[in-house]
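Structure first, commentary second.
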Amino acid sequence: MTKVHFIAIGGSVMHQLAIALKNKGYQVTGSDDEIFEPALSNLQQAGILPAGTGWDPARITPDLDAVILGMHARDDNPELIKARELQLKIYSFPEYIYQESKNKTRVAIGGSHGKTTTTAMVMHALQLNHQSFDYLVGARLEGFAQSVNITDAPVIVCEADEYPASAIEKRPKFHFLHPQIAVLTGIAWDHINVFPTYEIYKEQFAIFIRQMEPGKVLIYNSTDKELVSLVTATGTHLKLVPYALPEHTITNGITRVIFGENQASLEVFGDHNLLNLHAAKLVCNELGLSDAEFLAAIATFKGAAKRLELVAKNDHCVIYRDFAHAPSKVKATMEATRNQFPDRKLIAVLELHTYSSLNADFLEQYQGALDTADIAVVFYSKHALEIKRMPDLAPGLIAERFGRNDLHVFHNRETLEAFLAAQQYQDTNLLLMSSGTYDGLDFSKLKALLPSDKQIH
């Protein structure tokens, strides 16, 4: 029996991989200095929750086939030191995914934005067409019990992240996947705490392209000029498949997409989602699905968690929450909401929560990002700044960086809640964008903001 030990098993994807390997029949152990929900309950239910917290070198034994190192395990971790002394095989998460999928067709979906949604669309279409596949995705998806699955399936579909693989492996995760089919959705500078310049960030995608084997498939967004120049310079050894905005119509807030003789009405919307859908269709085509089979499935796709996720709606107002936080994502989400409901007022609230967005210099990248909104709000938590050991931000500086003198800036959750409660929502949509929680905002209470009418959920 294959024996695997996880150092820092409590991570959001680490614990999912641990459960997937347990389900495959492996003997799985793990450790962590703290484990939070939902990982705690998930690991407990799977029967692999560590008996206690903390690190114990005694857990590292010579009979282990692999030690998998989580993101927040440090280089001086006592279990890691023991594993090195015993010369065991030590893998970062993506390195181990590759080990498990050497004999599979590997699909890697990368890019600065749209990775999760595009991956989710491919998974949804394959599942509804009864295809057997493994997967790795960075969000909770309807119809899938977990976010990582490893079986004996012939295909694996991976969301391909450019963030570093582990504490001892600083190269980006997606450099380890070596796909036969890849997607790049676009390039927009992010993660400045890891990639201090745009050129360094862009080079990671060039390396990803160069590492692909000759003749393999690269599906890329031809509307992104930076990406096009990168692909044409570095991807000449590949089968290049460009994609762009597909033909579509919008009627009464419903988007209908058209590929030749095949059409489908969608439950998602926005140019960014139509681009994601086109990329997902091309992946599915490569995996053997026809356009008709793909569209029949994608018509029921509701989106990934926190991607234009519906909080509440009635005939006069829709409230969405969205994971958008980087400038390009904010602009895309804003434009999608505006274009889908051109006759409604738009109130947009953006939380600055990441290292990049809370950096005074990087804030310049947000110039004009909230221009589409009739009422624009920026929220940041002083607690988040303290945790990240970053200096405070002045509201005037934030307004200047966004280029809006009428920008409302809050750093207190109660003040934000009071502001939202004071607004009029007749023929108005509310869009809340963040990778955080607005310091604990209760989203279920936002339904009370809807103007009096029969609510539809």
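Here, A, B, ... name the chains of the structure tokens in the order displayed, residue numbers run from 1 inside each chain, and ligands are numbered from 1 in the same displayed order.
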Got a sec: who's within 8 Å of Trp189 (chain A), counting only C-alpha atoms, leaving out chain neighbours fewer than 6 positions off, as an MDAnalysis selection string?
-> chainID A and resid 112 198 201:202
Residues within 8 Å of Gln340 (chain A), only C-alpha atoms, excluding chain neighbours under 2 positions, as number ranges by chain | A: 250, 253-254, 269-270, 336-338, 342
Identify, on the basis of only C-alpha atoms, every residue whose closest approach to Ala20 (chain A) does not exceed 12 Å; exclude the query and any residue fewer than 2 positions from it along the same chain; express the result as a compact mmCIF listing (two decimals) with N, CA and C atoms, in the first residue's frame.
# COMPACT_ATOMS: atom_id res chain seq x y z
N VAL A 4 1.59 7.90 2.40
CA VAL A 4 1.86 9.31 2.13
C VAL A 4 1.63 10.12 3.41
N VAL A 13 -6.50 23.28 -0.23
CA VAL A 13 -6.40 22.22 -1.26
C VAL A 13 -5.62 21.01 -0.75
N MET A 14 -4.71 21.23 0.20
CA MET A 14 -3.92 20.12 0.75
C MET A 14 -4.83 19.06 1.38
N HIS A 15 -5.78 19.49 2.18
CA HIS A 15 -6.63 18.50 2.86
C HIS A 15 -7.53 17.79 1.85
N GLN A 16 -7.87 18.50 0.75
CA GLN A 16 -8.68 17.86 -0.28
C GLN A 16 -7.90 16.77 -1.01
N LEU A 17 -6.60 17.03 -1.28
CA LEU A 17 -5.75 16.01 -1.89
C LEU A 17 -5.60 14.82 -0.95
N ALA A 18 -5.42 15.10 0.34
CA ALA A 18 -5.27 14.02 1.33
C ALA A 18 -6.50 13.11 1.32
N LYS A 22 -6.81 9.17 0.21
CA LYS A 22 -7.43 8.18 1.13
C LYS A 22 -8.52 7.41 0.39
N ASN A 23 -9.33 8.14 -0.38
CA ASN A 23 -10.41 7.49 -1.14
C ASN A 23 -9.86 6.55 -2.21
N LYS A 24 -8.65 6.83 -2.69
CA LYS A 24 -8.01 5.98 -3.71
C LYS A 24 -7.44 4.70 -3.09
N GLY A 25 -7.37 4.66 -1.75
CA GLY A 25 -6.86 3.47 -1.09
C GLY A 25 -5.48 3.61 -0.49
N TYR A 26 -4.92 4.82 -0.52
CA TYR A 26 -3.61 5.05 0.07
C TYR A 26 -3.71 5.15 1.59
N GLN A 27 -2.60 4.88 2.27
CA GLN A 27 -2.51 5.11 3.72
C GLN A 27 -2.02 6.55 3.91
N VAL A 28 -2.88 7.40 4.50
CA VAL A 28 -2.60 8.84 4.57
C VAL A 28 -2.50 9.28 6.02
N ASN A 42 -13.89 17.99 7.48
CA ASN A 42 -13.66 17.15 6.30
C ASN A 42 -12.66 16.03 6.60
N LEU A 43 -11.56 16.41 7.27
CA LEU A 43 -10.53 15.42 7.62
C LEU A 43 -11.04 14.42 8.65
N ALA A 46 -13.23 11.91 7.01
CA ALA A 46 -12.45 10.97 6.20
C ALA A 46 -11.60 10.04 7.06
N ILE A 48 -8.86 10.94 8.80
CA ILE A 48 -7.42 11.24 8.74
C ILE A 48 -7.07 12.55 9.46
N ILE A 97 0.83 16.19 -7.77
CA ILE A 97 -0.25 16.04 -8.76
C ILE A 97 0.33 15.48 -10.06
N GLU A 100 1.07 11.77 -9.85
CA GLU A 100 -0.16 10.96 -9.91
C GLU A 100 -0.78 10.96 -11.31
N ASP A 134 -10.19 13.18 -13.62
CA ASP A 134 -9.77 13.72 -12.33
C ASP A 134 -9.73 15.24 -12.42
N TYR A 135 -9.58 15.91 -11.28
CA TYR A 135 -9.60 17.37 -11.33
C TYR A 135 -8.93 17.99 -10.11
N LEU A 136 -8.58 19.25 -10.32
CA LEU A 136 -8.02 20.10 -9.27
C LEU A 136 -8.52 21.51 -9.57
N ALA A 145 -18.14 16.74 -4.99
CA ALA A 145 -18.04 16.58 -3.54
C ALA A 145 -16.80 17.26 -2.96
N GLN A 146 -15.76 17.38 -3.76
CA GLN A 146 -14.52 17.98 -3.27
C GLN A 146 -13.87 18.80 -4.38
N SER A 147 -12.78 19.49 -4.07
CA SER A 147 -12.12 20.32 -5.09
C SER A 147 -10.89 19.64 -5.70
N VAL A 148 -10.54 18.45 -5.19
CA VAL A 148 -9.46 17.64 -5.76
C VAL A 148 -9.95 16.21 -5.86
N ASN A 149 -9.72 15.57 -6.99
CA ASN A 149 -10.06 14.15 -7.10
C ASN A 149 -8.97 13.44 -7.89
N ILE A 150 -8.47 12.34 -7.33
CA ILE A 150 -7.41 11.54 -7.96
C ILE A 150 -7.90 10.09 -8.01
N THR A 151 -8.12 9.58 -9.21
CA THR A 151 -8.55 8.20 -9.39
C THR A 151 -7.69 7.58 -10.50
N ASP A 152 -8.23 6.58 -11.16
CA ASP A 152 -7.53 5.98 -12.30
C ASP A 152 -8.06 6.51 -13.63
Could you tell me, as a PyMOL selection string, which residues of region 316-420 of chain A DSSP assigns to strand (DSSP E) when given the backbone?
-> chain A and resi 318-322+345-352+375-380+408-410
Might you pull out every residue within 7 Å of Gln180 (chain A), with only C-alpha atoms counted and same-chain residues fewer than 4 positions away left off, and present them as JSON, numbers by chain?
-> {"A": [105, 106, 107, 216, 217]}
Output of the above residues as a compact mmCIF listing (two decimals), in the first residue's frame, restricted to N, CA and C atoms:
# COMPACT_ATOMS: atom_id res chain seq x y z
N THR A 105 -3.91 12.28 -19.69
CA THR A 105 -3.94 13.52 -20.48
C THR A 105 -4.14 14.66 -19.50
N ARG A 106 -3.16 15.56 -19.42
CA ARG A 106 -3.21 16.65 -18.44
C ARG A 106 -3.68 17.94 -19.12
N VAL A 107 -4.75 18.52 -18.58
CA VAL A 107 -5.26 19.82 -19.03
C VAL A 107 -4.91 20.83 -17.95
N LYS A 216 2.04 19.94 -28.71
CA LYS A 216 0.91 19.95 -27.78
C LYS A 216 0.07 21.21 -27.99
N VAL A 217 -1.10 21.27 -27.35
CA VAL A 217 -2.11 22.28 -27.68
C VAL A 217 -2.10 23.44 -26.68
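Pairwise distance (CA of Val330 (chain A), CA of Phe208 (chain A)) equals 25.6 Å.
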Skipping near chain neighbours, those fewer than 3 positions away, what residues fall within 12 Å of Asp76 (chain A) using only C-alpha atoms, listed as a PyMOL selection string?
-> chain A and resi 55+57+72-73+79-84+167-168
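Residues with any atom within 12 Å of Thr249 (chain A), counting only C-alpha atoms and excluding same-chain neighbours fewer than 6 positions away, are Thr255, Arg256, Val257, Ile258, Phe259, Gln263, Ala264, Ser265, Leu266, Phe269, Gly270, Asp271, Leu274, Asn339 and Gln340 of chain A.
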